[in-house]
file query-v5.txt (compact mmCIF, N, CA, C and O atoms)
# COMPACT_ATOMS: atom_id res chain seq x y z
N MET T 1 -59.30 -35.10 1.38
CA MET T 1 -59.01 -33.82 1.95
C MET T 1 -57.50 -33.65 2.03
O MET T 1 -56.80 -34.48 2.58
N LYS T 2 -57.01 -32.56 1.48
CA LYS T 2 -55.57 -32.28 1.43
C LYS T 2 -55.24 -31.25 2.51
O LYS T 2 -55.78 -30.17 2.53
N VAL T 3 -54.30 -31.61 3.41
CA VAL T 3 -53.90 -30.71 4.49
C VAL T 3 -52.45 -30.34 4.26
O VAL T 3 -51.60 -31.20 4.04
N SER T 4 -52.12 -29.05 4.34
CA SER T 4 -50.75 -28.58 4.15
C SER T 4 -50.42 -27.56 5.23
O SER T 4 -51.23 -26.69 5.56
N PHE T 5 -49.25 -27.70 5.81
CA PHE T 5 -48.81 -26.75 6.83
C PHE T 5 -48.06 -25.57 6.23
O PHE T 5 -47.79 -24.60 6.90
N ILE T 6 -47.68 -25.67 4.97
CA ILE T 6 -46.97 -24.59 4.29
C ILE T 6 -48.00 -23.73 3.59
O ILE T 6 -48.82 -24.24 2.82
N PRO T 7 -47.97 -22.42 3.83
CA PRO T 7 -48.94 -21.57 3.14
C PRO T 7 -48.68 -21.58 1.64
O PRO T 7 -47.56 -21.71 1.19
N ALA T 8 -49.73 -21.44 0.90
CA ALA T 8 -49.63 -21.46 -0.55
C ALA T 8 -48.93 -20.19 -1.02
O ALA T 8 -49.34 -19.08 -0.68
N ILE T 9 -47.86 -20.36 -1.79
CA ILE T 9 -47.12 -19.23 -2.34
C ILE T 9 -47.28 -19.30 -3.86
O ILE T 9 -47.04 -20.35 -4.46
N PRO T 10 -47.67 -18.20 -4.47
CA PRO T 10 -47.83 -18.21 -5.92
C PRO T 10 -46.49 -18.54 -6.60
O PRO T 10 -45.42 -18.19 -6.11
N ALA T 11 -46.56 -19.20 -7.73
CA ALA T 11 -45.37 -19.63 -8.45
C ALA T 11 -44.52 -18.45 -8.90
O ALA T 11 -43.30 -18.52 -8.87
N LYS T 12 -45.16 -17.35 -9.28
CA LYS T 12 -44.41 -16.17 -9.70
C LYS T 12 -43.60 -15.59 -8.55
O LYS T 12 -42.45 -15.21 -8.71
N SER T 13 -44.19 -15.51 -7.37
CA SER T 13 -43.48 -14.97 -6.20
C SER T 13 -42.32 -15.87 -5.81
O SER T 13 -41.24 -15.40 -5.47
N LEU T 14 -42.55 -17.16 -5.83
CA LEU T 14 -41.51 -18.11 -5.48
C LEU T 14 -40.35 -18.03 -6.46
O LEU T 14 -39.18 -18.02 -6.06
N ALA T 15 -40.66 -17.92 -7.74
CA ALA T 15 -39.61 -17.80 -8.76
C ALA T 15 -38.83 -16.50 -8.58
O ALA T 15 -37.60 -16.48 -8.72
N ALA T 16 -39.51 -15.41 -8.24
CA ALA T 16 -38.83 -14.14 -8.04
C ALA T 16 -37.91 -14.18 -6.82
O ALA T 16 -36.77 -13.71 -6.86
N VAL T 17 -38.38 -14.77 -5.73
CA VAL T 17 -37.56 -14.87 -4.52
C VAL T 17 -36.34 -15.74 -4.76
O VAL T 17 -35.22 -15.39 -4.37
N LEU T 18 -36.52 -16.86 -5.43
CA LEU T 18 -35.39 -17.74 -5.73
C LEU T 18 -34.39 -17.08 -6.67
O LEU T 18 -33.19 -17.22 -6.51
N THR T 19 -34.88 -16.33 -7.65
CA THR T 19 -33.99 -15.62 -8.58
C THR T 19 -33.17 -14.57 -7.85
O THR T 19 -31.96 -14.45 -8.07
N ILE T 20 -33.80 -13.81 -6.98
CA ILE T 20 -33.09 -12.77 -6.22
C ILE T 20 -32.07 -13.40 -5.28
O ILE T 20 -30.92 -12.94 -5.19
N ALA T 21 -32.44 -14.47 -4.60
CA ALA T 21 -31.52 -15.12 -3.67
C ALA T 21 -30.32 -15.71 -4.41
O ALA T 21 -29.17 -15.55 -3.97
N LEU T 22 -30.56 -16.35 -5.52
CA LEU T 22 -29.47 -16.96 -6.29
C LEU T 22 -28.55 -15.90 -6.87
O LEU T 22 -27.33 -16.02 -6.79
N SER T 23 -29.12 -14.85 -7.44
CA SER T 23 -28.27 -13.82 -8.05
C SER T 23 -27.47 -13.05 -7.00
O SER T 23 -26.31 -12.73 -7.21
N SER T 24 -28.06 -12.76 -5.85
CA SER T 24 -27.32 -12.05 -4.82
C SER T 24 -26.21 -12.93 -4.24
O SER T 24 -25.12 -12.44 -3.92
N THR T 25 -26.46 -14.22 -4.12
CA THR T 25 -25.41 -15.13 -3.66
C THR T 25 -24.26 -15.18 -4.64
O THR T 25 -23.09 -15.13 -4.24
N MET T 26 -24.55 -15.25 -5.92
CA MET T 26 -23.50 -15.29 -6.93
C MET T 26 -22.71 -13.99 -6.97
O MET T 26 -21.49 -14.01 -7.10
N VAL T 27 -23.38 -12.86 -6.82
CA VAL T 27 -22.70 -11.57 -6.86
C VAL T 27 -21.82 -11.38 -5.64
O VAL T 27 -20.67 -10.95 -5.74
N LEU T 28 -22.33 -11.69 -4.47
CA LEU T 28 -21.58 -11.44 -3.24
C LEU T 28 -20.39 -12.38 -3.06
O LEU T 28 -19.41 -12.01 -2.42
N THR T 29 -20.44 -13.57 -3.58
CA THR T 29 -19.31 -14.47 -3.41
C THR T 29 -18.13 -14.07 -4.28
O THR T 29 -17.00 -14.37 -3.94
N GLY T 30 -18.34 -13.37 -5.34
CA GLY T 30 -17.24 -12.95 -6.20
C GLY T 30 -16.91 -11.49 -6.08
O GLY T 30 -16.07 -10.97 -6.81
N CYS T 31 -17.51 -10.80 -5.17
CA CYS T 31 -17.33 -9.36 -5.03
C CYS T 31 -16.03 -9.05 -4.29
O CYS T 31 -15.73 -9.63 -3.25
N GLN T 32 -15.24 -8.13 -4.81
CA GLN T 32 -13.99 -7.74 -4.16
C GLN T 32 -14.23 -7.05 -2.83
O GLN T 32 -13.43 -7.16 -1.92
N ALA T 33 -15.34 -6.32 -2.70
CA ALA T 33 -15.63 -5.66 -1.43
C ALA T 33 -15.89 -6.69 -0.34
O ALA T 33 -15.47 -6.52 0.80
N THR T 34 -16.56 -7.78 -0.68
CA THR T 34 -16.80 -8.84 0.29
C THR T 34 -15.49 -9.50 0.68
O THR T 34 -15.24 -9.77 1.84
N LYS T 35 -14.63 -9.73 -0.29
CA LYS T 35 -13.33 -10.34 -0.01
C LYS T 35 -12.50 -9.44 0.90
O LYS T 35 -11.85 -9.90 1.83
N GLY T 36 -12.52 -8.14 0.64
CA GLY T 36 -11.78 -7.21 1.49
C GLY T 36 -12.32 -7.14 2.90
O GLY T 36 -11.57 -7.06 3.87
N PHE T 37 -13.64 -7.22 3.04
CA PHE T 37 -14.25 -7.17 4.37
C PHE T 37 -13.96 -8.44 5.16
O PHE T 37 -13.58 -8.41 6.32
N LEU T 38 -14.12 -9.60 4.52
CA LEU T 38 -13.90 -10.87 5.20
C LEU T 38 -12.42 -11.18 5.39
O LEU T 38 -12.05 -11.93 6.28
N GLY T 39 -11.55 -10.60 4.58
CA GLY T 39 -10.12 -10.87 4.69
C GLY T 39 -9.45 -10.16 5.85
O GLY T 39 -8.30 -10.43 6.16
N LYS T 40 -10.15 -9.25 6.51
CA LYS T 40 -9.54 -8.49 7.61
C LYS T 40 -9.77 -9.13 8.97
O LYS T 40 -9.26 -8.67 9.97
N ARG T 41 -10.54 -10.23 9.01
CA ARG T 41 -10.75 -10.89 10.29
C ARG T 41 -9.57 -11.81 10.58
O ARG T 41 -8.89 -12.27 9.70
N ASP T 42 -9.32 -12.06 11.86
CA ASP T 42 -8.21 -12.90 12.27
C ASP T 42 -8.68 -14.35 12.31
O ASP T 42 -9.55 -14.70 13.10
N ASN T 43 -8.10 -15.19 11.47
CA ASN T 43 -8.50 -16.59 11.46
C ASN T 43 -7.48 -17.48 12.16
O ASN T 43 -7.59 -18.70 12.12
N GLY T 44 -6.47 -16.91 12.78
CA GLY T 44 -5.50 -17.68 13.55
C GLY T 44 -4.43 -18.35 12.72
O GLY T 44 -3.66 -19.16 13.25
N SER T 45 -4.33 -18.06 11.43
CA SER T 45 -3.35 -18.74 10.59
C SER T 45 -1.92 -18.27 10.85
O SER T 45 -0.98 -18.92 10.41
N LEU T 46 -1.72 -17.16 11.54
CA LEU T 46 -0.38 -16.68 11.85
C LEU T 46 0.02 -16.94 13.30
O LEU T 46 1.07 -16.50 13.75
N ALA T 47 -0.79 -17.69 14.04
CA ALA T 47 -0.52 -17.93 15.46
C ALA T 47 0.72 -18.79 15.68
O ALA T 47 1.32 -18.72 16.75
N TYR T 48 1.12 -19.56 14.70
CA TYR T 48 2.29 -20.42 14.88
C TYR T 48 3.56 -19.61 15.09
O TYR T 48 4.53 -20.09 15.67
N GLN T 49 3.59 -18.36 14.64
CA GLN T 49 4.78 -17.54 14.79
C GLN T 49 5.03 -17.14 16.24
O GLN T 49 6.15 -16.80 16.59
N LYS T 50 4.02 -17.20 17.08
CA LYS T 50 4.17 -16.83 18.48
C LYS T 50 4.38 -18.06 19.37
O LYS T 50 4.32 -17.96 20.58
N SER T 51 4.61 -19.22 18.78
CA SER T 51 4.79 -20.43 19.58
C SER T 51 6.12 -20.39 20.31
O SER T 51 7.07 -19.74 19.90
N GLU T 52 6.18 -21.10 21.42
CA GLU T 52 7.38 -21.15 22.24
C GLU T 52 7.86 -22.59 22.35
O GLU T 52 7.08 -23.53 22.21
N HIS T 53 9.16 -22.75 22.62
CA HIS T 53 9.71 -24.08 22.80
C HIS T 53 9.29 -24.63 24.16
O HIS T 53 9.23 -23.91 25.15
N LEU T 54 9.00 -25.92 24.18
CA LEU T 54 8.63 -26.57 25.42
C LEU T 54 9.87 -27.17 26.07
O LEU T 54 10.86 -27.48 25.40
N LYS T 55 9.81 -27.35 27.39
CA LYS T 55 10.92 -27.99 28.08
C LYS T 55 10.99 -29.45 27.62
O LYS T 55 9.96 -30.08 27.39
N PRO T 56 12.20 -30.00 27.50
CA PRO T 56 12.29 -31.40 27.12
C PRO T 56 11.75 -32.31 28.21
O PRO T 56 11.75 -31.96 29.39
N LEU T 57 11.27 -33.48 27.81
CA LEU T 57 10.76 -34.44 28.76
C LEU T 57 11.89 -35.00 29.62
O LEU T 57 12.99 -35.24 29.13
N THR T 58 11.61 -35.18 30.87
CA THR T 58 12.60 -35.81 31.76
C THR T 58 12.03 -37.14 32.22
O THR T 58 10.92 -37.21 32.73
N LEU T 59 12.80 -38.18 32.02
CA LEU T 59 12.40 -39.53 32.40
C LEU T 59 13.22 -39.98 33.60
O LEU T 59 14.34 -39.51 33.81
N PRO T 60 12.71 -40.91 34.37
CA PRO T 60 13.51 -41.47 35.46
C PRO T 60 14.77 -42.13 34.90
O PRO T 60 14.79 -42.65 33.78
N ALA T 61 15.82 -42.14 35.70
CA ALA T 61 17.12 -42.65 35.24
C ALA T 61 17.05 -44.13 34.91
O ALA T 61 17.76 -44.60 34.01
N GLU T 62 16.23 -44.91 35.59
CA GLU T 62 16.19 -46.35 35.37
C GLU T 62 15.31 -46.76 34.18
O GLU T 62 15.28 -47.92 33.81
N GLN T 63 14.60 -45.83 33.58
CA GLN T 63 13.69 -46.17 32.48
C GLN T 63 14.46 -46.21 31.16
O GLN T 63 15.18 -45.28 30.82
N GLN T 64 14.27 -47.29 30.41
CA GLN T 64 14.93 -47.45 29.11
C GLN T 64 14.07 -46.80 28.02
O GLN T 64 12.86 -46.89 28.05
N THR T 65 14.73 -46.18 27.09
CA THR T 65 14.02 -45.56 25.97
C THR T 65 14.60 -46.07 24.66
O THR T 65 15.74 -46.52 24.60
N ALA T 66 13.83 -46.00 23.63
CA ALA T 66 14.31 -46.38 22.30
C ALA T 66 15.22 -45.28 21.78
O ALA T 66 15.06 -44.10 22.13
N PRO T 67 16.20 -45.62 20.95
CA PRO T 67 17.08 -44.58 20.41
C PRO T 67 16.29 -43.65 19.49
O PRO T 67 15.40 -44.07 18.77
N PHE T 68 16.64 -42.38 19.55
CA PHE T 68 15.96 -41.38 18.74
C PHE T 68 16.61 -41.32 17.37
O PHE T 68 17.81 -41.07 17.24
N VAL T 69 15.83 -41.58 16.34
CA VAL T 69 16.32 -41.50 14.96
C VAL T 69 15.41 -40.52 14.23
O VAL T 69 14.25 -40.82 13.97
N PRO T 70 15.91 -39.31 13.92
CA PRO T 70 15.05 -38.35 13.22
C PRO T 70 14.74 -38.81 11.80
O PRO T 70 15.60 -39.32 11.09
N LEU T 71 13.48 -38.66 11.41
CA LEU T 71 13.09 -39.05 10.06
C LEU T 71 13.50 -38.02 9.02
O LEU T 71 13.84 -38.35 7.90
N TYR T 72 13.45 -36.76 9.40
CA TYR T 72 13.79 -35.68 8.48
C TYR T 72 14.79 -34.76 9.18
O TYR T 72 14.68 -34.49 10.37
N PRO T 73 15.76 -34.25 8.45
CA PRO T 73 16.70 -33.32 9.08
C PRO T 73 16.01 -32.00 9.41
O PRO T 73 15.16 -31.53 8.66
N ILE T 74 16.36 -31.41 10.52
CA ILE T 74 15.83 -30.12 10.93
C ILE T 74 16.90 -29.07 10.66
O ILE T 74 17.97 -29.10 11.24
N VAL T 75 16.60 -28.19 9.75
CA VAL T 75 17.56 -27.18 9.33
C VAL T 75 17.24 -25.88 10.05
O VAL T 75 16.08 -25.46 10.10
N GLU T 76 18.24 -25.23 10.59
CA GLU T 76 18.06 -23.93 11.21
C GLU T 76 18.12 -22.89 10.09
O GLU T 76 19.19 -22.59 9.55
N ALA T 77 16.97 -22.37 9.71
CA ALA T 77 16.90 -21.48 8.54
C ALA T 77 17.12 -20.01 8.90
O ALA T 77 17.37 -19.20 8.03
N GLY T 78 16.98 -19.65 10.16
CA GLY T 78 17.15 -18.26 10.53
C GLY T 78 15.84 -17.50 10.46
O GLY T 78 14.76 -18.07 10.56
N GLU T 79 15.91 -16.22 10.25
CA GLU T 79 14.74 -15.35 10.24
C GLU T 79 14.01 -15.45 8.91
O GLU T 79 14.62 -15.48 7.85
N ASN T 80 12.68 -15.50 8.96
CA ASN T 80 11.86 -15.54 7.76
C ASN T 80 11.75 -14.13 7.19
O ASN T 80 11.37 -13.19 7.88
N THR T 81 12.06 -14.00 5.91
CA THR T 81 11.99 -12.68 5.28
C THR T 81 10.87 -12.58 4.26
O THR T 81 10.71 -11.54 3.63
N LEU T 82 10.10 -13.65 4.08
CA LEU T 82 8.99 -13.60 3.13
C LEU T 82 7.81 -12.84 3.72
O LEU T 82 7.49 -13.02 4.89
N PRO T 83 7.14 -12.00 2.93
CA PRO T 83 5.92 -11.36 3.43
C PRO T 83 4.78 -12.38 3.38
O PRO T 83 4.31 -12.76 2.32
N ILE T 84 4.33 -12.85 4.55
CA ILE T 84 3.34 -13.92 4.57
C ILE T 84 2.00 -13.49 5.13
O ILE T 84 1.12 -14.31 5.31
N SER T 85 1.81 -12.22 5.44
CA SER T 85 0.51 -11.80 5.97
C SER T 85 -0.16 -10.86 4.97
O SER T 85 0.49 -10.22 4.15
N ASN T 86 -1.49 -10.78 5.08
CA ASN T 86 -2.24 -9.91 4.17
C ASN T 86 -2.11 -8.45 4.62
O ASN T 86 -1.39 -8.14 5.55
N GLU T 87 -2.83 -7.57 3.94
CA GLU T 87 -2.70 -6.14 4.22
C GLU T 87 -3.07 -5.80 5.65
O GLU T 87 -2.51 -4.89 6.25
N ALA T 88 -4.04 -6.51 6.22
CA ALA T 88 -4.45 -6.25 7.59
C ALA T 88 -3.49 -6.88 8.59
O ALA T 88 -3.55 -6.59 9.78
N GLY T 89 -2.60 -7.77 8.13
CA GLY T 89 -1.65 -8.42 9.01
C GLY T 89 -2.26 -9.50 9.88
O GLY T 89 -1.71 -9.84 10.91
N LYS T 90 -3.41 -10.06 9.46
CA LYS T 90 -4.11 -11.00 10.32
C LYS T 90 -4.25 -12.39 9.73
O LYS T 90 -4.63 -13.31 10.43
N GLN T 91 -3.98 -12.59 8.46
CA GLN T 91 -4.16 -13.90 7.85
C GLN T 91 -2.93 -14.26 7.03
O GLN T 91 -2.25 -13.40 6.48
N TYR T 92 -2.68 -15.57 6.94
CA TYR T 92 -1.61 -16.06 6.09
C TYR T 92 -1.97 -15.83 4.64
O TYR T 92 -3.09 -16.07 4.22
N LYS T 93 -1.04 -15.33 3.89
CA LYS T 93 -1.28 -15.04 2.48
C LYS T 93 -0.27 -15.82 1.65
O LYS T 93 0.94 -15.65 1.84
N LEU T 94 -0.75 -16.68 0.79
CA LEU T 94 0.15 -17.42 -0.07
C LEU T 94 0.82 -16.50 -1.06
O LEU T 94 0.20 -15.57 -1.58
N PRO T 95 2.10 -16.72 -1.33
CA PRO T 95 2.73 -15.90 -2.38
C PRO T 95 2.12 -16.24 -3.73
O PRO T 95 1.71 -17.38 -3.96
N PRO T 96 2.02 -15.26 -4.62
CA PRO T 96 1.42 -15.54 -5.92
C PRO T 96 2.29 -16.52 -6.71
O PRO T 96 3.51 -16.51 -6.59
N PRO T 97 1.67 -17.35 -7.53
CA PRO T 97 2.47 -18.29 -8.32
C PRO T 97 3.28 -17.55 -9.37
O PRO T 97 2.87 -16.51 -9.87
N GLN T 98 4.46 -18.08 -9.64
CA GLN T 98 5.29 -17.46 -10.66
C GLN T 98 4.83 -17.94 -12.03
O GLN T 98 4.50 -19.11 -12.21
N ARG T 99 4.81 -17.03 -12.95
CA ARG T 99 4.35 -17.37 -14.30
C ARG T 99 5.49 -18.03 -15.06
O ARG T 99 6.62 -17.53 -15.08
N ILE T 100 5.19 -19.16 -15.65
CA ILE T 100 6.17 -19.87 -16.43
C ILE T 100 5.81 -19.72 -17.89
O ILE T 100 4.71 -20.08 -18.31
N LEU T 101 6.74 -19.17 -18.65
CA LEU T 101 6.49 -18.97 -20.07
C LEU T 101 6.96 -20.20 -20.83
O LEU T 101 8.06 -20.70 -20.63
N ALA T 102 6.11 -20.64 -21.72
CA ALA T 102 6.47 -21.80 -22.54
C ALA T 102 7.43 -21.34 -23.64
O ALA T 102 7.25 -20.29 -24.25
N THR T 103 8.44 -22.13 -23.88
CA THR T 103 9.37 -21.81 -24.95
C THR T 103 8.86 -22.42 -26.24
O THR T 103 8.45 -23.59 -26.26
N PRO T 104 8.86 -21.65 -27.30
CA PRO T 104 8.36 -22.20 -28.58
C PRO T 104 9.31 -23.27 -29.11
O PRO T 104 10.53 -23.17 -28.99
N THR T 105 8.74 -24.30 -29.65
CA THR T 105 9.54 -25.36 -30.23
C THR T 105 9.62 -25.16 -31.72
O THR T 105 8.67 -24.74 -32.38
N THR T 106 10.77 -25.42 -32.26
CA THR T 106 10.95 -25.27 -33.71
C THR T 106 11.08 -26.66 -34.32
O THR T 106 11.77 -27.54 -33.80
N ASN T 107 10.40 -26.87 -35.41
CA ASN T 107 10.45 -28.17 -36.09
C ASN T 107 11.14 -28.05 -37.41
O ASN T 107 11.09 -27.20 -38.15
call {"tool": "encode", "arguments": {"input": "query-v5.txt", "output": "structure tokens"}}
result
Amino acid sequence: MKVSFIPAIPAKSLAAVLTIALSSTMVLTGCQATKGFLGKRDNGSLAYQKSEHLKPLTLPAEQQTAPFVPLYPIVEAGENTLPISNEAGKQYKLPPPQRILATPTTN
């Protein structure tokens, strides 16, 4: 005696449902309208611009500390002038890569 908790689904119906699900997934993941809709939500990638400096740590006078040796130089760059947000102003947008043209070689 064979017992199954899953109702019997005809093979044609199952194939049709899987085909529709797969094709709609493929279409929606590459659709520009989906990208535009999902790109307008705030994912927090620009939150670092609103960060504030913290007060320096204060230690007791009698406590010894190791000398501070910076590993990398910190350069004061000034104001950022690159456009780094998308059209909605809510997500970090990478600048497009620059196209490098190959120079023809002569033999």
call {"tool": "axis_aligned_box", "arguments": {"input": "query-v5.txt", "around": "segment 16-25 of chain T", "padding_each_side": "4 Å", "output": "JSON"}}
result
{"center_x": -31.3, "center_y": -14.9, "center_z": -6.1, "size_x": 24.4, "size_y": 13.7, "size_z": 12.9}
call {"tool": "atom_distance", "arguments": {"input": "query-v5.txt", "atom1": "atom C of Lys90 of chain T", "atom2": "atom N of Leu46 of chain T"}}
result
5.7 Å
call {"tool": "select_by_dssp", "arguments": {"input": "query-v5.txt", "residues": "segment 18-103 of chain T", "states": "alpha helix (DSSP H)", "output": "list in words"}}
result
Leu18, Thr19, Ile20, Ala21, Leu22, Ser23, Ser24, Thr25, Met26, Val27, Leu28, Thr29, Gln32, Ala33, Thr34, Lys35, Gly36, Phe37 and Leu38 of chain T
call {"tool": "atom_distance", "arguments": {"input": "query-v5.txt", "atom1": "atom O of Glu79 of chain T", "atom2": "atom O of His53 of chain T"}}
result
20.0 Å
call {"tool": "atom_distance", "arguments": {"input": "query-v5.txt", "atom1": "atom C of Ser45 of chain T", "atom2": "atom O of Arg99 of chain T"}}
result
27.3 Å
call {"tool": "residues_around", "arguments": {"input": "query-v5.txt", "residues": "Pro95 of chain T", "least_positions_apart": "2", "cutoff": "7 Å", "atoms": "all atoms listed in the file", "output": "tab-separated table (two decimals) with N, CA, C and O atoms, in the coordinates of the input"}}
result
chain	number	residue	atom	x	y	z
T	83	PRO	N	7.14	-12.00	2.93
T	83	PRO	CA	5.92	-11.36	3.43
T	83	PRO	C	4.78	-12.38	3.38
T	83	PRO	O	4.31	-12.76	2.32
T	84	ILE	N	4.33	-12.85	4.55
T	84	ILE	CA	3.34	-13.92	4.57
T	84	ILE	C	2.00	-13.49	5.13
T	84	ILE	O	1.12	-14.31	5.31
T	93	LYS	N	-1.04	-15.33	3.89
T	93	LYS	CA	-1.28	-15.04	2.48
T	93	LYS	C	-0.27	-15.82	1.65
T	93	LYS	O	0.94	-15.65	1.84
T	97	PRO	N	1.67	-17.35	-7.53
T	97	PRO	CA	2.47	-18.29	-8.32
T	97	PRO	C	3.28	-17.55	-9.37
T	97	PRO	O	2.87	-16.51	-9.87
T	98	GLN	N	4.46	-18.08	-9.64
T	98	GLN	CA	5.29	-17.46	-10.66
T	98	GLN	C	4.83	-17.94	-12.03
T	98	GLN	O	4.50	-19.11	-12.21
call {"tool": "residues_near_point", "arguments": {"input": "query-v5.txt", "point": "(-1.2, -12.4, 8.9)", "cutoff": "8 Å", "atoms": "all atoms listed in the file", "output": "list in words"}}
result
Gly39, Arg41, Asp42, Asn43, Gly44, Ser45, Leu46, Ala47, Ile84, Ser85, Asn86, Glu87, Ala88, Gly89, Lys90, Gln91, Tyr92 and Lys93 of chain T
call {"tool": "build_atoms", "arguments": {"input": "query-v5.txt", "residues": "segment 67-74 of chain T", "atoms": "all heavy atoms", "output": "mmCIF file, keeping the file's coordinate frame"}}
result
data_model
loop_
_atom_site.group_PDB
_atom_site.id
_atom_site.type_symbol
_atom_site.label_atom_id
_atom_site.label_comp_id
_atom_site.auth_asym_id
_atom_site.auth_seq_id
_atom_site.Cartn_x
_atom_site.Cartn_y
_atom_site.Cartn_z
ATOM 1 N N PRO T 67 16.200 -45.620 20.950
ATOM 2 C CA PRO T 67 17.080 -44.580 20.410
ATOM 3 C C PRO T 67 16.290 -43.650 19.490
ATOM 4 O O PRO T 67 15.400 -44.070 18.770
ATOM 5 C CB PRO T 67 18.141 -45.364 19.648
ATOM 6 C CG PRO T 67 17.531 -46.688 19.357
ATOM 7 C CD PRO T 67 16.563 -46.961 20.467
ATOM 8 N N PHE T 68 16.640 -42.380 19.550
ATOM 9 C CA PHE T 68 15.960 -41.380 18.740
ATOM 10 C C PHE T 68 16.610 -41.320 17.370
ATOM 11 O O PHE T 68 17.810 -41.070 17.240
ATOM 12 C CB PHE T 68 16.020 -40.002 19.409
ATOM 13 C CG PHE T 68 15.423 -38.921 18.583
ATOM 14 C CD1 PHE T 68 14.053 -38.827 18.410
ATOM 15 C CD2 PHE T 68 16.224 -37.993 17.942
ATOM 16 C CE1 PHE T 68 13.485 -37.835 17.632
ATOM 17 C CE2 PHE T 68 15.663 -36.997 17.165
ATOM 18 C CZ PHE T 68 14.298 -36.919 17.010
ATOM 19 N N VAL T 69 15.830 -41.580 16.340
ATOM 20 C CA VAL T 69 16.320 -41.500 14.960
ATOM 21 C C VAL T 69 15.410 -40.520 14.230
ATOM 22 O O VAL T 69 14.250 -40.820 13.970
ATOM 23 C CB VAL T 69 16.282 -42.879 14.265
ATOM 24 C CG1 VAL T 69 16.789 -42.761 12.835
ATOM 25 C CG2 VAL T 69 17.071 -43.893 15.048
ATOM 26 N N PRO T 70 15.910 -39.310 13.920
ATOM 27 C CA PRO T 70 15.050 -38.350 13.220
ATOM 28 C C PRO T 70 14.740 -38.810 11.800
ATOM 29 O O PRO T 70 15.600 -39.320 11.090
ATOM 30 C CB PRO T 70 15.863 -37.063 13.230
ATOM 31 C CG PRO T 70 17.266 -37.497 13.394
ATOM 32 C CD PRO T 70 17.244 -38.787 14.167
ATOM 33 N N LEU T 71 13.480 -38.660 11.410
ATOM 34 C CA LEU T 71 13.090 -39.050 10.060
ATOM 35 C C LEU T 71 13.500 -38.020 9.020
ATOM 36 O O LEU T 71 13.840 -38.350 7.900
ATOM 37 C CB LEU T 71 11.566 -39.255 10.007
ATOM 38 C CG LEU T 71 11.022 -40.390 10.868
ATOM 39 C CD1 LEU T 71 9.509 -40.417 10.794
ATOM 40 C CD2 LEU T 71 11.605 -41.712 10.429
ATOM 41 N N TYR T 72 13.450 -36.760 9.400
ATOM 42 C CA TYR T 72 13.790 -35.680 8.480
ATOM 43 C C TYR T 72 14.790 -34.760 9.180
ATOM 44 O O TYR T 72 14.680 -34.490 10.370
ATOM 45 C CB TYR T 72 12.560 -34.858 8.096
ATOM 46 C CG TYR T 72 11.485 -35.696 7.454
ATOM 47 C CD1 TYR T 72 10.358 -36.102 8.162
ATOM 48 C CD2 TYR T 72 11.602 -36.088 6.130
ATOM 49 C CE1 TYR T 72 9.386 -36.878 7.568
ATOM 50 C CE2 TYR T 72 10.633 -36.871 5.532
ATOM 51 C CZ TYR T 72 9.529 -37.255 6.256
ATOM 52 O OH TYR T 72 8.566 -38.017 5.670
ATOM 53 N N PRO T 73 15.760 -34.250 8.450
ATOM 54 C CA PRO T 73 16.700 -33.320 9.080
ATOM 55 C C PRO T 73 16.010 -32.000 9.410
ATOM 56 O O PRO T 73 15.160 -31.530 8.660
ATOM 57 C CB PRO T 73 17.785 -33.131 8.030
ATOM 58 C CG PRO T 73 17.125 -33.466 6.735
ATOM 59 C CD PRO T 73 16.087 -34.492 7.055
ATOM 60 N N ILE T 74 16.360 -31.410 10.520
ATOM 61 C CA ILE T 74 15.830 -30.120 10.930
ATOM 62 C C ILE T 74 16.900 -29.070 10.660
ATOM 63 O O ILE T 74 17.970 -29.100 11.240
ATOM 64 C CB ILE T 74 15.432 -30.119 12.418
ATOM 65 C CG1 ILE T 74 14.380 -31.185 12.661
ATOM 66 C CG2 ILE T 74 14.936 -28.741 12.838
ATOM 67 C CD1 ILE T 74 14.034 -31.382 14.104
#
